[in-house]
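S.K.: Have a look at this one.
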Amino acid sequence: MGRFPEPRTSTELPDGIGPGSGRATEFSTRDPHEAKCRTEDMLNCGHTMALLDRGSPFRARVRHASMDGFGLMSSTYGPPVEIVCVPPIPWVTVSFMAGGTAAFAQRGADTVPVGSSRAAVLSYDRGVAMRWPAGAEQLMLTIAKSRIETFLRRLLNEPLREPVRFDVGLDRDGDGRGVVAAVSTLRRALATCGPGGPSPVLAAEVEHSVVSALLFGQRHNYTDAVFAPAALPSSRVVGRVVELIEASTDTAFTVADLAAFAGVSERSLHAAFRRQLGASPMAYVRRLRLERVHEELLRLEPNGTHTVTEVALRHGFAHGGRFAAAYRARFGESPSDTLRR
């Protein structure tokens, strides 16, 4: 099979996952009741499933891997099926389809087709019906709704007046490209880090990339508030945050952590960093981590015992290509050249 995010050809999932969630689970069955019950157990929420062609033999293959509030599930059904979910459901999900076009409909709203160029973002604030054609593969990202709303509260620095609700249709080749890239990063982290799971720094980076891509790239009922102008804190606030970052380079900081330390909203901190340092808080953190990778590679003996990938993952860099490009832009050579020196 190929590699996500080209789900026209693959919904492959890794075998090893991080701590706190066991190992990836997988099953194949010809029993519709077993498929329904085992999927419910994986997601900890109920649904109904109806076979739309009872003349065809049933078959299902489902795989699920998760990492501390985030998961990836691939599902394939033999005959066409309709799955109906009714709140309460603790997830926000993003569904990609390969091998056909599915129909996603929220109660009282228009049906959204999901295929090669469009995904579906579901908040489950009302009932949802999903119709999948026979043999189509779904790759579904699951995010605990509480994680998104905590991120959003910290971003706005105020209580939420109502649950978050996303627009359903996501344009994969337009505004949704950031979400596609973030899902690819999550998949890579699950696949690369093995049974030991990602380091705390990498796990925090993955969580931030997934949630921020969704909140900034897909319209929802708080989008206008998120993009409203933010009040700028004093210059001393940025200085205090920079001191904290530089004194704790091994800590898995998120923007929420830094904003809480500074006593300002995430938007205000972001705007202040942009104004004073020309970079976002997390860009500044990543710049410092690049420096630490450079220092570690210079210290290591080039004897084959240590690898660039091992060092990069330890410092929170999951995407080898982007890491190598950023490293070369900063230091004028590849990380492997530094290790050889």
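By convention here, the chains of the structure tokens are called A, B, ... in the order presented, each chain's residues are numbered starting at 1, and ligands are numbered starting at 1 in the order presented.
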Mind running segment 99-191 of chain A against segment 59-62 of chain A at 10 Å and telling me each contacting residue's nearest atom pair with the distance in Å (one decimal), counting only C-alpha atoms, chain and number ascending, as JSON lines?
M.R.:
{"residue": "A:Ala134", "atom": "CA", "partner": "A:Arg59", "partner_atom": "CA", "distance": 9.8}
{"residue": "A:Gly135", "atom": "CA", "partner": "A:Ala60", "partner_atom": "CA", "distance": 9.2}
{"residue": "A:Glu137", "atom": "CA", "partner": "A:Arg61", "partner_atom": "CA", "distance": 9.4}
{"residue": "A:Gln138", "atom": "CA", "partner": "A:Val62", "partner_atom": "CA", "distance": 9.5}
{"residue": "A:Leu139", "atom": "CA", "partner": "A:Val62", "partner_atom": "CA", "distance": 10.0}
S.K.: Show which residues sit within 9 Å of Leu300 of chain A, as a VMD selection string. Count only C-alpha atoms, and ignore same-chain residues fewer than 5 positions away.
M.R.: chain A and resid 295 306 339 to 340
S.K.: Just the residues within 12 Å of segment 236-241 of chain A, please, counting only C-alpha atoms, with nothing from its chain fewer than 3 positions along; format it as a ChimeraX atom specification.
M.R.: /A:232-233,244-248,253-265,268-282,284-285
S.K.: Identify all residues of segment 147-321 of chain A in helix (DSSP H, G or I) (DSSP on the backbone) and supply them as a ChimeraX atom specification.
M.R.: /A:147-156,177-196,200-217,223-226,235-247,255-262,266-277,281-299,308-314,320-321
S.K.: Could you name the residues that touch Val210 of chain A at 10 Å or less, counting only C-alpha atoms, but leaving out those on the same chain fewer than 2 positions away, as a PyMOL selection string?
M.R.: chain A and resi 70+141+143+148+178-186+205-208+212-215
S.K.: Just how far from atom CA of Leu297 of chain A is atom CA of Pro200 of chain A, in Å to one decimal?
M.R.: 20.4 Å
